[in-house]
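S.K.: Mind looking over this structure? Questions follow.
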Amino acid sequence: MFRRIAGFSPIFLMLFGSSLPTMGNPVKREIHPDAVFYKEHKLRNDGLVITTNQGNIRLQFKSEAAIEVLYRADSKQLPSFALAQPESAIKAQLTETENHLQFSGGTLTARIQKRPFAISYYRDSELLLAEESGFQVNTDKINFRFYLSPGEKILGGGQRILGMDRRGQRFPLYNRAHYGYSDHSGQMYFGLPAIMSSKQYILVFDNSASGAMDIGKTESDILQLEAKSGRSAYILVAGNSYPSLIENFTQVTGRQPLPPRWALGSFASRFGYRSEAETRATVQKYKTEDFPLDTIVLDLYWFGKDIKGHMGNLDWDKENFPTPLDMMADFKQQGVKTVLITEPFVLTSSKRWDDAVKAKALAKDPQGQPKAFELYFGNGGIIDVFSKEGSRWFSSIYKDLSKQGVAGWWGDLGEPEMHPEDTQHAIGDADTVHNAYGHRWAEMLYQQQLDQFPELRPFIMMRAGFVGSQRYGMIPWTGDVSRTWGGLASQVELALQMSLLGFGYIHSDLGGFADGETLDKEMYIRWLQYGVFQPVYRPHGQDHIPSEPVFQDEETKAILRPLVKLRYRMLPYIYTAAYQNTLTGMPLMRPLFFSDEKNPALIDNKTSYFWGDSLLVTPITQAGVESVSIPAPKGVWFDFWKDTRYQTDGAPLTLPTDLHTIPVLVKAGAFMPYVPAVSTTEDYRSDSLEIHYYADASVPLAQGEIFEDDGKDPNSIKRNQFDLLTLQATHTDNQLHFQLARTGKGYRGMPERRATTLVIHNASDQYQHLDINGKTIAIAQADCASTPALACYDQERRQLQLVFTWGREALNLRLH
């Protein structure tokens, strides 16, 4: 027997299939006993307010492609955590018929049925999403229900290991640690109450409370969003492509600010460095072993010699760290930044408990007293980051430590890891605000750092947050993963799911964190190879097994050293991807389905990804692999390591591999910029620039860009204080024409002229001459590595090398 309630009936879906009705053919809905009925409406500056028999509903367009819907708009609600500017609204058009209201903000339209009340959403004339019963007010929880279309694939939910398509899954909306996870998890550190559909919309449940998301698990055609309490609102965002969808989504939830350039360098990290001597020795080991290093991260031993009993001290353990200011100053002289862990808990046994109680910084129990409870580290309370007192007290600690020379912050346990239900925060109880705790913590810290150091970009690494936390510079990681092949295999899925919803710097503890009596050498190498091509290069693990590459055997160091140096050489490419993320929300790691949006099967791929615009990476996640099948999109590709050219019609490519590299392909028409390797980004310069172009007749027009600034200024883009190098190549039968230009006002330390080498891969031997801005140079036929010619062709490598100086002027280079 068919289930039939307000909205689409199963019979209707069987008749129409995936071809859902257009604006002219609205869905016929039956009246449900608990249905909401329209009474009247008013169009105001802050949106459309509709009065019903069960309260007011407000619809606000946040952009031409994003709408917020708030039920119970006449009642007291928590603020929106997801929206970057929650009070903003754009003008929209309203039309009315006897049975409907039509509210349009541009490409997105809400069609509101009056009796029974229900909202359907259209992108132009295409039905994207429809409420099945809207907000259910007759239950003791917040509950939204929407229809799912036949064949619709659903991504999202944040950190879960369930496969890329989450349809058919039900999981909790409650940030919770999953220690030692491997290749499956339905609940982890950083959940997100948001989904992305293969129909190219994003739906955000703007609710921070404990809840659940049911994506067609209980009822195959129903998406249900549930919460115990909190904000009764959702946000719908539409796009005409996946990149435009992400751009529209991050426009309203906020874009990730540029991180400091040093955040893209090499980190030394473990759980943990137990003394100043050990910390200094580790930094020295990187120098001795000729491994680049930008950052050392101190876990909880910096404020106490034991794991338990000291949390909340948040001050140096002078017995084991006798001269921390000198230590950090010495590291700074070597170009190495110091990052400290902090947690939101203050133990009753810590040095700061009495001070925190006096400052009213702690969350309270139902009687209004500081709430103390048992957690793994001891008995203590949690800082109320939602209160002015808690934020002020916590910020003052960060301020004092920053004065000492701390360069960045690691916020751990911010789910929060322990959060008793009866804990009372300034704006609600623990269950109501749980999932926004890390979000608010990041907001507080981000603003404090900018206030204290307005000329520097904050570095904030955190384990949990909410939709929109990226706008506070949050750099999340995937938690305490097991040191297993399964733990490694799950990382691409975790990174892509988070990246699609705003978190472009998600990364893993390279090498694995938890358990393991011995280190699997092959797995470790494979994990750190993958790390070269993901946002943050930070090995980290329990210290009974060294996590840093400098403490591995000679073969492992010999394999990894050139790869870490390669990451430093590739910094212009990585930094440009970071710039694109800040500008448009485009993640640094991108799923394969971006290459063919009409092929929904690619959505399921969790083994390969695009790294920036030009590289296709396939990490090796099994032992003893000798060849790898790579689902390369249709077109021409080059082996990143060997330059071998491949042409595919979309069928997978099979590439041999060895322990020294992982499979990486470069797309035809790509520009790949490099600078000389340095031991720290403090020495980074681009006055010597190598640009590799992968020529192919299949790509008649190719474009690229390189973004350069001082790597520190948080306002460099806003103030136009950067140098944007634009690159274009036009390929015809007998000519290859390059146009190079520079825009932007420039920045302090910018090279006015760059010694530039342009290396053209897959180059034809037909070219005899090079014209540079009208001046003609003969092309030498020689080994370019040993020939000082301005233009030479290497027949064996099929590479053409051009050497020139690039100043502020535009350059035209023509090969003929």
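Starting from 1 in every chain, residues are counted up; chains themselves are A, B, ... following the order of the structure tokens, and ligands are numbered from 1 as listed.
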When DSSP works through the backbone of this structure, what residues of segment 286-502 of chain A end up as strand (DSSP E), shown as a PyMOL selection string?
M.R.: chain A and resi 295-298+337-342+345-347+373-375+378-382+408-411+424-425+428-429+460-462+474-476
S.K.: So which residues touch Lys399 of chain A within 12 Å, counting only C-alpha atoms, skipping near sequence neighbours fewer than 6 positions away, as a list in words?
M.R.: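 What passes the distance filter is Leu314, Ser391, Arg392, Trp393, Gly405, Val406, Ala407, Gly408, Trp409, Met444, Leu445, Tyr446, Gln447, Gln448, Gln449, Leu450, Asp451, Gln452 and Phe453 of chain A.
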S.K.: Let's have the selection written as an mmCIF file, in the first residue's frame, with N, CA and C atoms.
M.R.:
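So out-v9.cif came out as:
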data_model
loop_
_atom_site.group_PDB
_atom_site.id
_atom_site.type_symbol
_atom_site.label_atom_id
_atom_site.label_comp_id
_atom_site.auth_asym_id
_atom_site.auth_seq_id
_atom_site.Cartn_x
_atom_site.Cartn_y
_atom_site.Cartn_z
ATOM 1 N N LEU A 314 47.552 25.932 31.263
ATOM 2 C CA LEU A 314 47.801 26.848 30.146
ATOM 3 C C LEU A 314 48.928 27.829 30.461
ATOM 4 N N SER A 391 34.724 34.152 27.324
ATOM 5 C CA SER A 391 35.520 34.578 26.171
ATOM 6 C C SER A 391 36.623 35.541 26.597
ATOM 7 N N ARG A 392 36.299 36.464 27.496
ATOM 8 C CA ARG A 392 37.287 37.447 27.947
ATOM 9 C C ARG A 392 38.426 36.751 28.687
ATOM 10 N N TRP A 393 38.081 35.815 29.557
ATOM 11 C CA TRP A 393 39.101 35.107 30.350
ATOM 12 C C TRP A 393 39.997 34.256 29.456
ATOM 13 N N GLY A 405 55.592 34.791 22.106
ATOM 14 C CA GLY A 405 56.158 34.328 20.845
ATOM 15 C C GLY A 405 55.453 33.156 20.210
ATOM 16 N N VAL A 406 54.323 32.721 20.763
ATOM 17 C CA VAL A 406 53.556 31.637 20.144
ATOM 18 C C VAL A 406 52.972 32.142 18.830
ATOM 19 N N ALA A 407 53.153 31.377 17.756
ATOM 20 C CA ALA A 407 52.766 31.839 16.419
ATOM 21 C C ALA A 407 51.412 31.326 15.972
ATOM 22 N N GLY A 408 50.934 30.239 16.565
ATOM 23 C CA GLY A 408 49.667 29.669 16.127
ATOM 24 C C GLY A 408 49.084 28.775 17.197
ATOM 25 N N TRP A 409 47.825 28.363 16.979
ATOM 26 C CA TRP A 409 47.086 27.676 18.026
ATOM 27 C C TRP A 409 46.431 26.408 17.513
ATOM 28 N N MET A 444 36.058 33.339 18.560
ATOM 29 C CA MET A 444 36.670 34.123 19.636
ATOM 30 C C MET A 444 38.173 34.261 19.429
ATOM 31 N N LEU A 445 38.827 33.139 19.118
ATOM 32 C CA LEU A 445 40.275 33.138 18.977
ATOM 33 C C LEU A 445 40.718 33.899 17.733
ATOM 34 N N TYR A 446 39.979 33.737 16.644
ATOM 35 C CA TYR A 446 40.305 34.436 15.398
ATOM 36 C C TYR A 446 40.250 35.955 15.592
ATOM 37 N N GLN A 447 39.192 36.412 16.240
ATOM 38 C CA GLN A 447 39.051 37.848 16.452
ATOM 39 C C GLN A 447 40.107 38.366 17.430
ATOM 40 N N GLN A 448 40.404 37.574 18.467
ATOM 41 C CA GLN A 448 41.430 37.982 19.434
ATOM 42 C C GLN A 448 42.792 38.123 18.758
ATOM 43 N N GLN A 449 43.125 37.172 17.900
ATOM 44 C CA GLN A 449 44.412 37.219 17.214
ATOM 45 C C GLN A 449 44.506 38.402 16.254
ATOM 46 N N LEU A 450 43.434 38.681 15.524
ATOM 47 C CA LEU A 450 43.446 39.835 14.621
ATOM 48 C C LEU A 450 43.530 41.143 15.387
ATOM 49 N N ASP A 451 42.848 41.207 16.531
ATOM 50 C CA ASP A 451 42.921 42.418 17.351
ATOM 51 C C ASP A 451 44.336 42.636 17.876
ATOM 52 N N GLN A 452 45.002 41.552 18.266
ATOM 53 C CA GLN A 452 46.331 41.660 18.840
ATOM 54 C C GLN A 452 47.406 41.862 17.770
ATOM 55 N N PHE A 453 47.242 41.183 16.633
ATOM 56 C CA PHE A 453 48.232 41.263 15.558
ATOM 57 C C PHE A 453 47.516 41.529 14.227
#
S.K.: Can you measure atom CA of Leu727 of chain A to atom CA of Val678 of chain A for me? One decimal in Å is fine.
M.R.: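 Result for atom CA of Leu727 of chain A versus atom CA of Val678 of chain A: 24.9 Å, one decimal.
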S.K.: Any idea what the distance is between atom CA of Gly473 of chain A and atom CA of Phe459 of chain A?
M.R.: 7.0 Å
S.K.: May I have the residues within 8 Å of His100 of chain A as a PyMOL selection string, using only C-alpha atoms and disregarding those fewer than 3 positions away in the same chain?
M.R.: chain A and resi 96-97+111-114
S.K.: Kindly indicate which residue among A:Arg798, A:His178, A:Arg754, A:Arg538 lies nearest to Val481 of chain A, using only C-alpha atoms for the distances.
M.R.: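 Ranked by minimum distance to Val481 of chain A, first place goes to A:His178.
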S.K.: Considering only C-alpha atoms, return as a list in words whatever protein or nucleic-acid residues lie within 9 Å of Glu597 of chain A, sequence-local ones (same chain, fewer than 4 positions apart) excluded.
M.R.: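 Final neighbour list, sorted by chain and number: Ser198, Ser241, Tyr242, Phe593 and Leu602 of chain A.
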S.K.: For Tyr286 of chain A, work out the shell of residues within 8 Å, counting only C-alpha atoms and skipping chain neighbours fewer than 6 positions away, then give it as a PyMOL selection string.
M.R.: chain A and resi 292-293+550
S.K.: Ranking A:Arg808, A:His769, A:Lys712, A:His439 by minimum distance to Gly746 of chain A and counting only C-alpha atoms, which one comes first?
M.R.: A:Arg808
S.K.: Hey, which of A:Gln781, A:Pro673, A:Leu488, A:Ile525 ends up closest to Ile574 of chain A? Count only C-alpha atoms.
M.R.: A:Pro673
S.K.: Using only C-alpha atoms, which residue out of A:Ile383, A:Ala177, A:Ala632, A:Ala668 lies closest to Arg352 of chain A?
M.R.: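 Closest candidate: A:Ile383.
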S.K.: Residues at most 7 Å from segment 71-86 of chain A, counting only C-alpha atoms, excluding those fewer than 3 positions away in the same chain, as a list of chain:residue names?
M.R.: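 Residues meeting the cut-off are A:Gly55, A:Asn56, A:Ile57, A:Arg58, A:Phe135, A:Asp206, A:Gly230, A:Arg231, A:Ser232, A:Ala233, A:Val252, A:Thr253, A:Gly254, A:Val467, A:Gly468.
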S.K.: Using the chain letters and numbers from this document, which residues of segment 283-431 of chain A does DSSP assign to helix (DSSP H, G or I), as JSON, numbers by chain?
M.R.: {"A": [283, 284, 285, 286, 287, 288, 300, 301, 302, 324, 325, 326, 327, 328, 329, 330, 331, 332, 333, 353, 354, 355, 356, 357, 358, 388, 389, 390, 391, 392, 393, 394, 395, 396, 397, 398, 399, 400, 401, 402, 403, 404, 430, 431]}
S.K.: Ranking A:Asp183, A:Asp214, A:Glu443, A:Glu219 by minimum distance to Phe466 of chain A and counting only C-alpha atoms, which one comes first?
M.R.: A:Glu443
S.K.: Let me make sure I understand: among A:Gly380, A:Pro259, A:Gly774, A:Pro572, which one has the smallest atom-to-atom distance to Ala677 of chain A if we use only C-alpha atoms?
M.R.: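 Checking each of A:Gly380, A:Pro259, A:Gly774, A:Pro572 against Ala677 of chain A, counting only C-alpha atoms, the winner is A:Pro572.
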